[in-house]
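Undergrad: Let me begin by handing over the structure; questions about it come next.
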Amino acid sequence: MPKQQCIAIIGGGASGIFASIRCAEIANAKKINVDIRVFEASSKFLKKVRISGGGRCNVTHHIFEVNDFCLNYPRGRKELLSPFQNFQAADTVEWFEKRGVELKYEADGRMFPVTDSSETIIDCFMQEADKNGIKLLNKMNVKSLKKLDDGKISLFINDDESFIADSVLIATGSMPGGYRLARNLGHSTTEIAPSLFTFKIKDAILENLPGTSFSQAALTLKIDGAKPFEEKGPLLITHWGLSGPALLKLSAWAAREMMHTNYKAKIIVNWLGIEHQEAADKLLNTIKNNNTKTSVGNAYPNDLTKRFWLQLLIKCGISKEKNWSEISKKELNLIMKNLFCCELDVLGKSRFKEEFVECGGIDLKEINFKTMESKVCPGLYFSGEVMDIDGITGGFNFQSAWTSGWIAGNHMIHLRGEA
Ligand SMILES: Cc1cc2nc3c(=O)[nH]c(=O)nc-3n(C[C@H](O)[C@H](O)[C@H](O)COP(=O)(O)OP(=O)(O)OC[C@H]3O[C@@H](n4cnc5c(N)ncnc54)[C@H](O)[C@@H]3O)c2cc1C
């Protein structure tokens, strides 16, 4: 009878649990004797899954073309290409479907369980882990790792426990302890910075307007010493500044540069996303010429709310009672500037409650993306957010956690001579 293989998974979050299930399924299918243990430092498994997507869990994104999917990763785009060719969003949908969990997609492409509850996803994982005999061990903080002479890896847990494993997966998310474990075994990490945050801005044009949204704004972020970052899409005014999909994406692309300037920057907002000067001129001149006898407060671009327009007039110092015919060239230029090229000072960042990730982590050059095994320490694997990979908002972060977990799960068992 072949010897039992011991597999240790550090981190009972999205990626670690997914990896453990895949690993167990492979072992069961090949009749390999394994002892799979998931060591979770806290008292609860899948904590982030539970609170994800505002409690609904945005499982993945409805883009089934791998090249297009990869475009949504500010870091890890190139490296994820091959993993996604093996397990992508369509495979996630099928994986859950086969286990009785149906996913749906919304107009913006985000995919959720049809129940709109992250508990559905957690229940599914817990049942699969149980069915496959995975040992889920909570309150087990892995404090250090040591490579042994026989190639195995020893885990030191809490203050007095240890476990020797043939393969170890580090799936510790963005916890600093996880990076330390990897450094223990010779790995390097890139600079860590928060990603997916909203901007604090104080400006007359935003006053009293929380909840006002723009469907197709164009944004340019100017940060000292960096090239400008651009993004287009839905934008939202909040109590403290700006948020919405386009702004969150911008925060992800510029995560490191923003941290370097302590979140001070300038953002140029084109509220209607009309980028050609000619089209912008035409829009305002048409309104002006067609409404000579109407007050400027009562005739404005269709895609704006009246409240926003009035606020824009306040910022321009133009009375809403004035007729359009009385608007001077200078005033028209001022409206033009604030509508299509509105420069605002970013004063800081705020947390986006629906999704939050860190950029930075294990240097991707040190990982073999065909297996997720370390190139530095054989027998050590990585998956999920612990790596220097992060996606924009919309389900991309979980997809990278599922995919890398699935691939690690495929390769952590030694198959040679065991089948
Ligand atoms: C509020 C919020 C909402 C989000 N919503 C979404 C969403 O809807 N869609 C999406 O795609 N992404 C979402 N994300 C991002 C997503 O949750 C993460 O990208 C994903 O959970 C990463 O998975 P992971 O397994 O790598 O890490 P995690 O899920 O963070 O799991 C890591 C686990 O490792 C444990 N651990 C750490 N160190 C040790 C140690 N030394 N020993 C033992 N255990 C350890 C931790 O306690 C944790 O349970 C959200 C994030 C947040 C914070």
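Letters for chains follow the order of the structure tokens (A, B, ...), residue numbers begin at 1 for each chain, and ligand numbers begin at 1 in the order shown.
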Can you write out as a tab-separated table which residues of chain A fall within 7 Å of ligand 1, alongside each residue's closest atom pair and its distance in Å to one decimal, counting only C-alpha atoms and all ligand atoms and ordering rows by chain and ascending residue number?
TA:
residue	atom	partner	partner_atom_place_in_ligand_line	distance
A:Ile10	CA	ligand 1	43 (C)	5.0
A:Gly11	CA	ligand 1	34 (O)	3.2
A:Gly12	CA	ligand 1	49 (O)	4.8
A:Gly13	CA	ligand 1	31 (O)	3.3
A:Ala14	CA	ligand 1	25 (O)	3.8
A:Ser15	CA	ligand 1	25 (O)	3.6
A:Gly16	CA	ligand 1	25 (O)	5.3
A:Phe39	CA	ligand 1	43 (C)	5.1
A:Glu40	CA	ligand 1	44 (N)	3.8
A:Ala41	CA	ligand 1	44 (N)	3.8
A:Ser42	CA	ligand 1	47 (O)	5.1
A:Phe45	CA	ligand 1	49 (O)	5.8
A:Leu46	CA	ligand 1	49 (O)	5.9
A:Lys47	CA	ligand 1	49 (O)	6.0
A:Lys48	CA	ligand 1	17 (O)	4.7
A:Val49	CA	ligand 1	17 (O)	5.7
A:Ile51	CA	ligand 1	1 (C)	5.5
A:Ser52	CA	ligand 1	5 (N)	3.3
A:Gly53	CA	ligand 1	8 (O)	3.3
A:Gly54	CA	ligand 1	3 (C)	6.7
A:Cys57	CA	ligand 1	8 (O)	4.5
A:Asn58	CA	ligand 1	8 (O)	3.7
A:Val59	CA	ligand 1	9 (N)	5.6
A:Thr60	CA	ligand 1	11 (O)	6.0
A:Met140	CA	ligand 1	43 (C)	5.7
A:Asn141	CA	ligand 1	42 (N)	3.8
A:Val142	CA	ligand 1	42 (N)	3.9
A:Lys143	CA	ligand 1	41 (N)	5.6
A:Ala171	CA	ligand 1	26 (O)	5.3
A:Thr172	CA	ligand 1	34 (O)	3.6
A:Gly173	CA	ligand 1	27 (O)	3.3
A:Ser174	CA	ligand 1	30 (O)	6.1
A:Met175	CA	ligand 1	37 (C)	5.1
A:Gly177	CA	ligand 1	41 (N)	5.1
A:Gly178	CA	ligand 1	38 (N)	5.0
A:Lys353	CA	ligand 1	1 (C)	5.4
A:Glu354	CA	ligand 1	3 (C)	4.7
A:Glu355	CA	ligand 1	4 (C)	3.4
A:Phe356	CA	ligand 1	51 (C)	4.2
A:Val357	CA	ligand 1	15 (C)	5.4
A:Ser383	CA	ligand 1	26 (O)	6.3
A:Gly384	CA	ligand 1	26 (O)	3.4
A:Glu385	CA	ligand 1	26 (O)	3.8
A:Val386	CA	ligand 1	26 (O)	5.7
A:Thr393	CA	ligand 1	10 (C)	6.8
A:Gly394	CA	ligand 1	9 (N)	6.0
A:Gly395	CA	ligand 1	11 (O)	3.3
A:Phe396	CA	ligand 1	11 (O)	4.7
A:Asn397	CA	ligand 1	11 (O)	3.7
A:Phe398	CA	ligand 1	11 (O)	3.6
A:Gln399	CA	ligand 1	11 (O)	6.2
A:Ala401	CA	ligand 1	23 (O)	5.3
Undergrad: Could the residues in this selection be saved with N, CA and C atoms as a short mmCIF file (atom, residue, chain, number, x, y, z; two decimals), in the first residue's frame?
TA:
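Here's the written file part06.cif:
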data_model
loop_
_atom_site.label_atom_id
_atom_site.label_comp_id
_atom_site.auth_asym_id
_atom_site.auth_seq_id
_atom_site.Cartn_x
_atom_site.Cartn_y
_atom_site.Cartn_z
N ILE A 10 -2.47 26.32 3.91
CA ILE A 10 -2.47 27.37 4.93
C ILE A 10 -3.42 28.47 4.48
N GLY A 11 -4.52 28.63 5.20
CA GLY A 11 -5.52 29.64 4.86
C GLY A 11 -6.82 29.00 4.40
N GLY A 12 -7.85 29.16 5.23
CA GLY A 12 -9.16 28.61 4.89
C GLY A 12 -10.05 29.67 4.30
N GLY A 13 -9.52 30.38 3.31
CA GLY A 13 -10.31 31.39 2.59
C GLY A 13 -10.74 30.82 1.25
N ALA A 14 -11.12 31.72 0.36
CA ALA A 14 -11.66 31.32 -0.93
C ALA A 14 -10.72 30.36 -1.67
N SER A 15 -9.48 30.75 -1.80
CA SER A 15 -8.57 29.98 -2.64
C SER A 15 -8.13 28.68 -1.97
N GLY A 16 -7.84 28.75 -0.67
CA GLY A 16 -7.39 27.56 0.04
C GLY A 16 -8.45 26.46 0.06
N PHE A 39 -5.35 24.64 7.40
CA PHE A 39 -5.07 25.34 8.66
C PHE A 39 -5.54 26.79 8.54
N GLU A 40 -6.51 27.14 9.37
CA GLU A 40 -7.06 28.50 9.33
C GLU A 40 -6.78 29.20 10.66
N ALA A 41 -6.14 30.37 10.58
CA ALA A 41 -5.74 31.07 11.80
C ALA A 41 -6.94 31.54 12.64
N SER A 42 -7.98 31.99 11.99
CA SER A 42 -9.11 32.55 12.74
C SER A 42 -10.09 31.44 13.11
N PHE A 45 -13.99 29.91 8.71
CA PHE A 45 -13.52 29.72 7.33
C PHE A 45 -14.29 30.67 6.41
N LEU A 46 -13.69 31.00 5.30
CA LEU A 46 -14.37 31.73 4.22
C LEU A 46 -14.98 33.07 4.66
N LYS A 47 -14.27 33.75 5.53
CA LYS A 47 -14.80 35.02 6.08
C LYS A 47 -15.09 36.04 4.99
N LYS A 48 -14.12 36.17 4.06
CA LYS A 48 -14.31 37.21 3.02
C LYS A 48 -15.41 36.82 2.05
N VAL A 49 -15.55 35.52 1.81
CA VAL A 49 -16.64 35.08 0.92
C VAL A 49 -17.97 35.52 1.53
N ILE A 51 -18.73 38.07 3.43
CA ILE A 51 -19.07 39.50 3.35
C ILE A 51 -18.94 40.04 1.92
N SER A 52 -18.50 39.16 1.01
CA SER A 52 -18.20 39.66 -0.34
C SER A 52 -19.44 40.14 -1.08
N GLY A 53 -19.20 41.06 -2.00
CA GLY A 53 -20.26 41.57 -2.86
C GLY A 53 -21.47 42.05 -2.06
N GLY A 54 -21.22 42.68 -0.92
CA GLY A 54 -22.31 43.16 -0.09
C GLY A 54 -23.18 42.02 0.44
N CYS A 57 -21.89 37.82 -2.74
CA CYS A 57 -20.76 37.12 -3.33
C CYS A 57 -20.75 37.20 -4.87
N ASN A 58 -19.98 38.14 -5.34
CA ASN A 58 -19.79 38.29 -6.78
C ASN A 58 -18.72 37.27 -7.20
N VAL A 59 -19.21 36.06 -7.55
CA VAL A 59 -18.37 34.87 -7.72
C VAL A 59 -17.36 34.98 -8.86
N THR A 60 -17.81 35.55 -9.98
CA THR A 60 -16.94 35.70 -11.14
C THR A 60 -17.54 36.75 -12.07
N MET A 140 -5.79 27.76 13.93
CA MET A 140 -4.47 27.16 13.69
C MET A 140 -3.63 28.16 12.90
N ASN A 141 -2.90 28.96 13.65
CA ASN A 141 -2.09 30.01 13.03
C ASN A 141 -0.72 29.44 12.67
N VAL A 142 -0.45 29.31 11.38
CA VAL A 142 0.85 28.77 10.97
C VAL A 142 1.88 29.89 11.11
N LYS A 143 2.86 29.66 11.96
CA LYS A 143 3.77 30.75 12.30
C LYS A 143 5.08 30.69 11.53
N ALA A 171 -2.06 30.01 1.01
CA ALA A 171 -3.26 30.70 0.48
C ALA A 171 -3.76 31.64 1.55
N THR A 172 -2.88 32.50 2.00
CA THR A 172 -3.15 33.33 3.18
C THR A 172 -3.70 34.71 2.84
N GLY A 173 -4.08 34.92 1.58
CA GLY A 173 -4.64 36.21 1.19
C GLY A 173 -3.63 37.33 1.40
N SER A 174 -4.11 38.46 1.90
CA SER A 174 -3.20 39.61 2.04
C SER A 174 -2.71 39.78 3.48
N MET A 175 -2.72 38.69 4.27
CA MET A 175 -2.24 38.79 5.67
C MET A 175 -0.72 38.84 5.69
N GLY A 177 1.40 37.81 7.74
CA GLY A 177 2.00 36.55 8.19
C GLY A 177 2.29 35.61 7.03
N GLY A 178 1.43 35.63 6.04
CA GLY A 178 1.60 34.75 4.87
C GLY A 178 2.84 35.13 4.08
N LYS A 353 -16.78 49.40 0.46
CA LYS A 353 -17.21 48.32 1.36
C LYS A 353 -17.55 47.02 0.63
N GLU A 354 -17.90 47.09 -0.66
CA GLU A 354 -18.35 45.88 -1.35
C GLU A 354 -17.22 44.95 -1.74
N GLU A 355 -16.05 45.50 -1.98
CA GLU A 355 -14.92 44.66 -2.38
C GLU A 355 -13.65 45.42 -2.05
N PHE A 356 -12.67 44.69 -1.55
CA PHE A 356 -11.43 45.35 -1.19
C PHE A 356 -10.30 44.35 -1.38
N VAL A 357 -9.24 44.75 -2.01
CA VAL A 357 -8.09 43.86 -2.16
C VAL A 357 -6.81 44.66 -1.97
N SER A 383 -1.54 30.25 -4.02
CA SER A 383 -2.77 30.57 -4.75
C SER A 383 -3.46 31.77 -4.11
N GLY A 384 -4.24 32.47 -4.91
CA GLY A 384 -5.05 33.58 -4.42
C GLY A 384 -4.29 34.88 -4.24
N GLU A 385 -4.80 35.68 -3.33
CA GLU A 385 -4.35 37.06 -3.19
C GLU A 385 -2.94 37.21 -2.60
N VAL A 386 -2.39 36.13 -2.06
CA VAL A 386 -1.03 36.22 -1.51
C VAL A 386 -0.01 36.55 -2.62
N THR A 393 -12.68 45.57 -9.78
CA THR A 393 -13.90 45.09 -9.14
C THR A 393 -14.81 44.38 -10.16
N GLY A 394 -15.58 43.39 -9.69
CA GLY A 394 -16.53 42.74 -10.59
C GLY A 394 -16.46 41.22 -10.60
N GLY A 395 -15.75 40.61 -9.64
CA GLY A 395 -15.66 39.14 -9.60
C GLY A 395 -14.32 38.61 -10.07
N PHE A 396 -13.43 39.51 -10.48
CA PHE A 396 -12.13 39.07 -11.03
C PHE A 396 -11.21 38.54 -9.94
N ASN A 397 -11.34 39.08 -8.73
CA ASN A 397 -10.45 38.61 -7.66
C ASN A 397 -10.80 37.19 -7.23
N PHE A 398 -12.07 36.90 -7.12
CA PHE A 398 -12.43 35.51 -6.79
C PHE A 398 -12.03 34.57 -7.92
N GLN A 399 -12.22 35.00 -9.17
CA GLN A 399 -11.87 34.08 -10.26
C GLN A 399 -10.40 33.70 -10.21
N ALA A 401 -8.66 33.59 -7.51
CA ALA A 401 -8.52 32.70 -6.35
C ALA A 401 -8.97 31.27 -6.71
#
Undergrad: I need the residues in region 45-138 of chain A that are strand (DSSP E or B) according to DSSP; give them as a list in words.
TA: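 In region 45-138 of chain A, DSSP puts these residues in strand (DSSP E or B): Thr60, His61, Arg75, Leu103, Lys104, Tyr105, Arg110, Met111, Phe112, Pro113, Lys135, Leu136 and Leu137 of chain A.
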Undergrad: Only N, CA, C and O atoms, please: the residues just picked out, written as a tab-separated table (two decimals), in the first residue's frame.
TA:
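Written file, selection_14.tsv:
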chain	number	residue	atom	x	y	z
A	60	THR	N	-17.81	35.55	-9.98
A	60	THR	CA	-16.94	35.70	-11.14
A	60	THR	C	-17.54	36.75	-12.07
A	60	THR	O	-18.48	37.45	-11.68
A	61	HIS	N	-16.99	36.85	-13.29
A	61	HIS	CA	-17.50	37.84	-14.24
A	61	HIS	C	-17.86	37.14	-15.54
A	61	HIS	O	-17.17	36.21	-15.97
A	75	ARG	N	-2.39	43.82	-12.15
A	75	ARG	CA	-1.18	43.02	-11.91
A	75	ARG	C	-1.54	41.55	-12.08
A	75	ARG	O	-2.51	41.09	-11.47
A	103	LEU	N	-25.64	30.09	-11.02
A	103	LEU	CA	-25.19	31.49	-11.01
A	103	LEU	C	-25.97	32.27	-12.06
A	103	LEU	O	-26.39	31.72	-13.07
A	104	LYS	N	-26.12	33.56	-11.81
A	104	LYS	CA	-26.78	34.45	-12.79
A	104	LYS	C	-25.84	35.61	-13.06
A	104	LYS	O	-24.92	35.86	-12.26
A	105	TYR	N	-26.05	36.30	-14.19
A	105	TYR	CA	-25.23	37.49	-14.39
A	105	TYR	C	-26.09	38.73	-14.55
A	105	TYR	O	-27.22	38.66	-15.01
A	110	ARG	N	-21.34	41.15	-13.76
A	110	ARG	CA	-21.02	40.49	-12.49
A	110	ARG	C	-21.91	39.26	-12.30
A	110	ARG	O	-23.10	39.29	-12.60
A	111	MET	N	-21.32	38.17	-11.79
A	111	MET	CA	-22.09	36.93	-11.59
A	111	MET	C	-22.26	36.64	-10.10
A	111	MET	O	-21.31	36.74	-9.33
A	112	PHE	N	-23.48	36.27	-9.73
A	112	PHE	CA	-23.84	35.99	-8.34
A	112	PHE	C	-24.61	34.67	-8.28
A	112	PHE	O	-25.19	34.26	-9.29
A	113	PRO	N	-24.68	34.04	-7.11
A	113	PRO	CA	-25.60	32.90	-6.99
A	113	PRO	C	-27.04	33.41	-7.16
A	113	PRO	O	-27.32	34.54	-6.74
A	135	LYS	N	-9.78	17.80	6.23
A	135	LYS	CA	-9.78	18.21	7.64
A	135	LYS	C	-9.67	19.72	7.71
A	135	LYS	O	-8.63	20.29	7.36
A	136	LEU	N	-10.74	20.37	8.15
A	136	LEU	CA	-10.74	21.83	8.27
A	136	LEU	C	-10.42	22.18	9.72
A	136	LEU	O	-11.20	21.88	10.62
A	137	LEU	N	-9.26	22.78	9.94
A	137	LEU	CA	-8.79	23.04	11.30
A	137	LEU	C	-8.71	24.55	11.55
A	137	LEU	O	-7.89	25.23	10.93
Undergrad: Using backbone DSSP assignments, extract all alpha helix (DSSP H) residues from region 62-256 of chain A; output them as a ChimeraX atom specification.
TA: /A:66-70,77-86,89-98,118-131,176-184,245-253,255-256
Undergrad: Residues at most 10 Å from Asp388 (chain A), counting only C-alpha atoms, excluding those fewer than 3 positions away in the same chain, as a list in words?
TA: Pro74, Arg75, Gly76, Ser174, Thr189, Thr190, Glu191, Ile192, Glu358, Cys359, Gly360, Gly361, Ile362, Asp363, Leu364, Lys365, Gly384 and Glu385 of chain A
Undergrad: Work out how far apart CA of Leu347 (chain A) and CA of Arg256 (chain A) are and give it in Å to one decimal.
TA: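 That distance, rounded to one decimal, is 16.0 Å.
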Undergrad: Residues within 9 Å of region 282-291 of chain A, please, as JSON, numbers by chain. Count only C-alpha atoms; anything in the same chain fewer than 6 positions from it doesn't count.
TA: {"A": [299, 300, 301, 323, 324, 325, 327, 332, 335, 336]}
Undergrad: Would you put the residues from that selection into a file with C-alpha atoms, as an mmCIF file, in the first residue's frame?
TA:
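Result file follows (again.cif):
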data_model
loop_
_atom_site.group_PDB
_atom_site.id
_atom_site.type_symbol
_atom_site.label_atom_id
_atom_site.label_comp_id
_atom_site.auth_asym_id
_atom_site.auth_seq_id
_atom_site.Cartn_x
_atom_site.Cartn_y
_atom_site.Cartn_z
ATOM 1 C CA ALA A 299 -32.317 73.975 -20.042
ATOM 2 C CA TYR A 300 -29.384 71.612 -19.779
ATOM 3 C CA PRO A 301 -27.982 68.388 -21.284
ATOM 4 C CA ASN A 323 -31.511 83.530 -19.734
ATOM 5 C CA TRP A 324 -29.350 81.491 -22.073
ATOM 6 C CA SER A 325 -29.245 84.502 -24.425
ATOM 7 C CA ILE A 327 -24.701 83.889 -21.227
ATOM 8 C CA LEU A 332 -20.035 79.438 -21.755
ATOM 9 C CA ILE A 335 -19.577 75.799 -18.160
ATOM 10 C CA MET A 336 -17.704 73.907 -20.868
#
Undergrad: Tell me, as a PyMOL selection string, which residues lie within 10 Å of Ala90 (chain A), counting only C-alpha atoms; anything in the same chain fewer than 4 positions away does not count.
TA: chain A and resi 60-66+84+94-95
Undergrad: Between A:Met258, A:Ile314, A:Ile26, A:Leu339, which is the closest to Glu275 (chain A) once you count only C-alpha atoms?
TA: A:Leu339
